[in-house]
Amino acid sequence: MIKLTRWATALLAVIVLAPNALPSKAFAEDQDVIDYRQHIMKALDAQTAAVGQILSFSIPEDQLPSHLETIAITAKTALKSFEQNVPGGEALPAVWENWGDFTARMNDFVDRMEKAAEHAKTGGREAIMGEIVLALSCKSCHDIYREKNSKQFSCAGLSPKGHGLSPLE
Ligand code: HEC
């Protein structure tokens, strides 16, 4: 009985949702791709902001490794979200023209975040102060692959000053 209900629900879902799932025009599909990768980037931004709070000693450090691991996983999903060649949003065509370099940068970012997470597990925030600003290579990628605009994000606001991170101008 339960099985039948599940099948019935699945069938209904297919009937009801299928027409909407089919792309009615290319634009809508492209916009979905752009929205998707921007959602992922916003998640990176939020996690980076949380790391910034911990590194500036305003929040306890016990969740630092989890945030860094989350950033690594999110960056992996970010790379996948750019695989479809859809310029637009703030992504420049250079992403797909230099796909090898873009991929290498994102993978390098993932590696550095995984290493920082390991270091934070054993040595806490003090252990990663030296590497984290360089490891958060958000801005160096944006400088090449993202349109310039006035929006400021956490990644752009980190610089090695004082005891770790403080806002850039
Ligand atoms: C390897 C390149 C690369 C790296 C590394 C990278 N980004 Fe991005 N990011 C992009 C590109 C390209 C876009 C433009 C995406 C679009 O608009 O479709 C973008 C867009 C964004 C946006 C804007 C999203 C929106 O809603 O418009 C934010 C926020 C962002 N990135 C944060 C970060 C943070 C924080 C980091 C580092 C922790 C980071 N990014 C690392 C390439 C990168």
# chains A, B, ... in the order shown; residues from 1 in each chain; ligands from 1
>>> closest_atom_pairs(of="chain A", to="ligand 1", cutoff="6 Å", atoms="only C-alpha atoms and all ligand atoms", output="JSON lines")
{"residue": "A:Ile34", "atom": "CA", "partner": "ligand 1", "partner_atom_place_in_ligand_line": "18 (O)", "distance": 4.9}
{"residue": "A:Arg37", "atom": "CA", "partner": "ligand 1", "partner_atom_place_in_ligand_line": "18 (O)", "distance": 5.9}
{"residue": "A:Gln38", "atom": "CA", "partner": "ligand 1", "partner_atom_place_in_ligand_line": "24 (C)", "distance": 4.2}
{"residue": "A:Met41", "atom": "CA", "partner": "ligand 1", "partner_atom_place_in_ligand_line": "30 (C)", "distance": 4.4}
{"residue": "A:Lys42", "atom": "CA", "partner": "ligand 1", "partner_atom_place_in_ligand_line": "29 (C)", "distance": 4.5}
{"residue": "A:Leu44", "atom": "CA", "partner": "ligand 1", "partner_atom_place_in_ligand_line": "35 (C)", "distance": 4.7}
{"residue": "A:Asp45", "atom": "CA", "partner": "ligand 1", "partner_atom_place_in_ligand_line": "35 (C)", "distance": 3.5}
{"residue": "A:Thr48", "atom": "CA", "partner": "ligand 1", "partner_atom_place_in_ligand_line": "38 (C)", "distance": 5.5}
{"residue": "A:Gly88", "atom": "CA", "partner": "ligand 1", "partner_atom_place_in_ligand_line": "18 (O)", "distance": 5.9}
{"residue": "A:Gly89", "atom": "CA", "partner": "ligand 1", "partner_atom_place_in_ligand_line": "17 (O)", "distance": 3.7}
{"residue": "A:Glu90", "atom": "CA", "partner": "ligand 1", "partner_atom_place_in_ligand_line": "17 (O)", "distance": 3.4}
{"residue": "A:Ala91", "atom": "CA", "partner": "ligand 1", "partner_atom_place_in_ligand_line": "14 (C)", "distance": 4.0}
{"residue": "A:Phe102", "atom": "CA", "partner": "ligand 1", "partner_atom_place_in_ligand_line": "1 (C)", "distance": 5.2}
{"residue": "A:Arg105", "atom": "CA", "partner": "ligand 1", "partner_atom_place_in_ligand_line": "1 (C)", "distance": 4.8}
{"residue": "A:Met106", "atom": "CA", "partner": "ligand 1", "partner_atom_place_in_ligand_line": "1 (C)", "distance": 4.0}
{"residue": "A:Phe109", "atom": "CA", "partner": "ligand 1", "partner_atom_place_in_ligand_line": "5 (C)", "distance": 5.9}
{"residue": "A:Leu136", "atom": "CA", "partner": "ligand 1", "partner_atom_place_in_ligand_line": "38 (C)", "distance": 5.4}
{"residue": "A:Ser137", "atom": "CA", "partner": "ligand 1", "partner_atom_place_in_ligand_line": "5 (C)", "distance": 5.4}
{"residue": "A:Cys138", "atom": "CA", "partner": "ligand 1", "partner_atom_place_in_ligand_line": "41 (C)", "distance": 3.5}
{"residue": "A:Cys141", "atom": "CA", "partner": "ligand 1", "partner_atom_place_in_ligand_line": "2 (C)", "distance": 4.3}
{"residue": "A:His142", "atom": "CA", "partner": "ligand 1", "partner_atom_place_in_ligand_line": "42 (C)", "distance": 5.2}
{"residue": "A:Tyr145", "atom": "CA", "partner": "ligand 1", "partner_atom_place_in_ligand_line": "12 (C)", "distance": 4.8}
{"residue": "A:Arg146", "atom": "CA", "partner": "ligand 1", "partner_atom_place_in_ligand_line": "12 (C)", "distance": 4.7}
{"residue": "A:Phe153", "atom": "CA", "partner": "ligand 1", "partner_atom_place_in_ligand_line": "29 (C)", "distance": 5.7}
{"residue": "A:Ser154", "atom": "CA", "partner": "ligand 1", "partner_atom_place_in_ligand_line": "35 (C)", "distance": 5.8}
{"residue": "A:Cys155", "atom": "CA", "partner": "ligand 1", "partner_atom_place_in_ligand_line": "35 (C)", "distance": 4.5}
>>> atom_distance(atom1="CA of Gly100 (chain A)", atom2="CA of Lys76 (chain A)")
15.0 Å
>>> select_by_dssp(residues="region 36-134 of chain A", states="alpha helix (DSSP H)", output="PyMOL selection string")
chain A and resi 36-55+64-81+94-97+99-134
>>> closest_atom_pairs(of="region 104-140 of chain A", to="region 49-62 of chain A", cutoff="8 Å", atoms="only C-alpha atoms", output="CSV")
residue,atom,partner,partner_atom,distance
A:Gly124,CA,A:Glu61,CA,6.9
A:Arg125,CA,A:Leu55,CA,6.3
A:Met129,CA,A:Leu55,CA,7.7
>>> closest_residue(among="A:Asp30, A:Ala46, A:Trp99, A:His67", to="Ala120 (chain A)", atoms="only C-alpha atoms")
A:His67
>>> closest_residue(among="A:Ile132, A:Ile144, A:Leu64, A:Asp35", to="Val86 (chain A)", atoms="only C-alpha atoms")
A:Asp35
>>> residues_around(residues="Ala116 (chain A)", least_positions_apart="5", cutoff="9 Å", atoms="only C-alpha atoms", output="list in words")
Pro65, Leu68, Glu69, Asp111, Lys121, Ala127, Ile128, Glu131, Ile132 and Ala135 of chain A
>>> write_last_selection(atoms="N, CA and C atoms", output="compact mmCIF listing (two decimals), in the first residue's frame")
# COMPACT_ATOMS: atom_id res chain seq x y z
N PRO A 65 37.62 24.45 11.86
CA PRO A 65 37.88 23.40 10.85
C PRO A 65 36.64 23.09 10.01
N LEU A 68 36.20 25.67 7.31
CA LEU A 68 37.20 25.54 6.24
C LEU A 68 36.89 24.33 5.36
N GLU A 69 36.45 23.25 5.99
CA GLU A 69 36.06 22.07 5.20
C GLU A 69 34.85 22.40 4.32
N ASP A 111 42.51 22.68 -2.46
CA ASP A 111 43.64 22.05 -1.75
C ASP A 111 44.07 22.87 -0.54
N LYS A 121 42.62 21.99 12.78
CA LYS A 121 42.21 20.91 13.69
C LYS A 121 43.24 20.70 14.78
N ALA A 127 47.40 28.61 14.17
CA ALA A 127 48.17 27.78 13.23
C ALA A 127 47.93 28.17 11.77
N ILE A 128 46.82 28.83 11.48
CA ILE A 128 46.54 29.11 10.07
C ILE A 128 46.68 30.59 9.69
N GLU A 131 48.89 31.33 6.65
CA GLU A 131 48.56 30.81 5.33
C GLU A 131 47.20 31.28 4.80
N ILE A 132 46.33 31.73 5.70
CA ILE A 132 44.92 31.85 5.29
C ILE A 132 44.65 32.96 4.27
N ALA A 135 45.67 31.73 1.05
CA ALA A 135 44.83 30.59 0.68
C ALA A 135 43.46 31.03 0.19
>>> select_by_dssp(residues="region 49-168 of chain A", states="strand (DSSP E or B)", output="VMD selection string")
chain A and resid 88 91 146 159 to 161 164 to 166
>>> write_last_selection(atoms="N, CA and C atoms", output="mmCIF file, in the first residue's frame")
data_model
loop_
_atom_site.group_PDB
_atom_site.id
_atom_site.type_symbol
_atom_site.label_atom_id
_atom_site.label_comp_id
_atom_site.auth_asym_id
_atom_site.auth_seq_id
_atom_site.Cartn_x
_atom_site.Cartn_y
_atom_site.Cartn_z
ATOM 1 N N GLY A 88 27.724 35.349 -18.572
ATOM 2 C CA GLY A 88 26.574 36.096 -18.065
ATOM 3 C C GLY A 88 26.693 36.212 -16.569
ATOM 4 N N ALA A 91 30.165 36.615 -14.657
ATOM 5 C CA ALA A 91 31.270 35.774 -15.132
ATOM 6 C C ALA A 91 31.710 36.230 -16.524
ATOM 7 N N ARG A 146 35.889 37.699 -13.136
ATOM 8 C CA ARG A 146 34.593 38.258 -12.753
ATOM 9 C C ARG A 146 34.565 39.747 -13.098
ATOM 10 N N SER A 159 42.885 41.153 4.727
ATOM 11 C CA SER A 159 44.289 41.420 4.444
ATOM 12 C C SER A 159 45.107 41.138 5.692
ATOM 13 N N PRO A 160 46.363 40.769 5.508
ATOM 14 C CA PRO A 160 47.184 40.450 6.681
ATOM 15 C C PRO A 160 47.623 41.712 7.395
ATOM 16 N N LYS A 161 46.964 42.045 8.427
ATOM 17 C CA LYS A 161 47.296 43.236 9.217
ATOM 18 C C LYS A 161 47.022 42.882 10.669
ATOM 19 N N GLY A 164 45.910 39.331 12.235
ATOM 20 C CA GLY A 164 45.359 38.359 11.324
ATOM 21 C C GLY A 164 44.694 39.057 10.180
ATOM 22 N N LEU A 165 43.430 39.316 10.342
ATOM 23 C CA LEU A 165 42.688 39.826 9.203
ATOM 24 C C LEU A 165 41.997 41.127 9.573
ATOM 25 N N SER A 166 42.099 42.048 8.704
ATOM 26 C CA SER A 166 41.343 43.282 8.927
ATOM 27 C C SER A 166 40.899 43.830 7.576
#
>>> residues_around(residues="Glu83 (chain A)", least_positions_apart="2", cutoff="10 Å", atoms="only C-alpha atoms", output="number ranges by chain")
A: 33, 78-81, 85-86, 95-96, 99, 103
>>> write_last_selection(atoms="C-alpha atoms", output="PDB file, in the first residue's frame")
ATOM      1  CA  VAL A  33      22.852  27.964 -14.621  1.00  0.00           C
ATOM      2  CA  ALA A  78      31.455  25.779  -7.565  1.00  0.00           C
ATOM      3  CA  LEU A  79      33.819  24.370 -10.184  1.00  0.00           C
ATOM      4  CA  LYS A  80      31.209  21.897 -11.354  1.00  0.00           C
ATOM      5  CA  SER A  81      28.647  24.722 -11.592  1.00  0.00           C
ATOM      6  CA  ASN A  85      29.690  27.435 -20.965  1.00  0.00           C
ATOM      7  CA  VAL A  86      27.205  30.155 -20.049  1.00  0.00           C
ATOM      8  CA  VAL A  95      36.295  31.534 -17.645  1.00  0.00           C
ATOM      9  CA  TRP A  96      35.648  29.234 -20.594  1.00  0.00           C
ATOM     10  CA  TRP A  99      39.131  26.810 -18.644  1.00  0.00           C
ATOM     11  CA  THR A 103      40.039  24.902 -13.103  1.00  0.00           C
TER      12      THR A 103
END
>>> decode(residues="region 37-56 of chain A", atoms="C-alpha atoms", output="compact mmCIF listing (two decimals), in the first residue's frame")
# COMPACT_ATOMS: atom_id res chain seq x y z
CA ARG A 37 26.66 29.19 -9.53
CA GLN A 38 25.87 32.53 -7.88
CA HIS A 39 24.08 30.74 -5.04
CA ILE A 40 27.18 28.63 -4.51
CA MET A 41 29.45 31.67 -4.54
CA LYS A 42 27.23 33.35 -1.95
CA ALA A 43 27.63 30.28 0.24
CA LEU A 44 31.42 30.64 -0.11
CA ASP A 45 31.07 34.27 0.87
CA ALA A 46 29.02 33.52 3.99
CA GLN A 47 31.44 30.82 5.14
CA THR A 48 34.40 33.12 4.55
CA ALA A 49 32.73 35.84 6.59
CA ALA A 50 32.27 33.35 9.44
CA VAL A 51 35.97 32.41 9.23
CA GLY A 52 36.83 36.11 9.32
CA GLN A 53 34.88 36.53 12.56
CA ILE A 54 36.69 33.62 14.16
CA LEU A 55 40.10 34.85 13.01
CA SER A 56 39.43 38.29 14.40
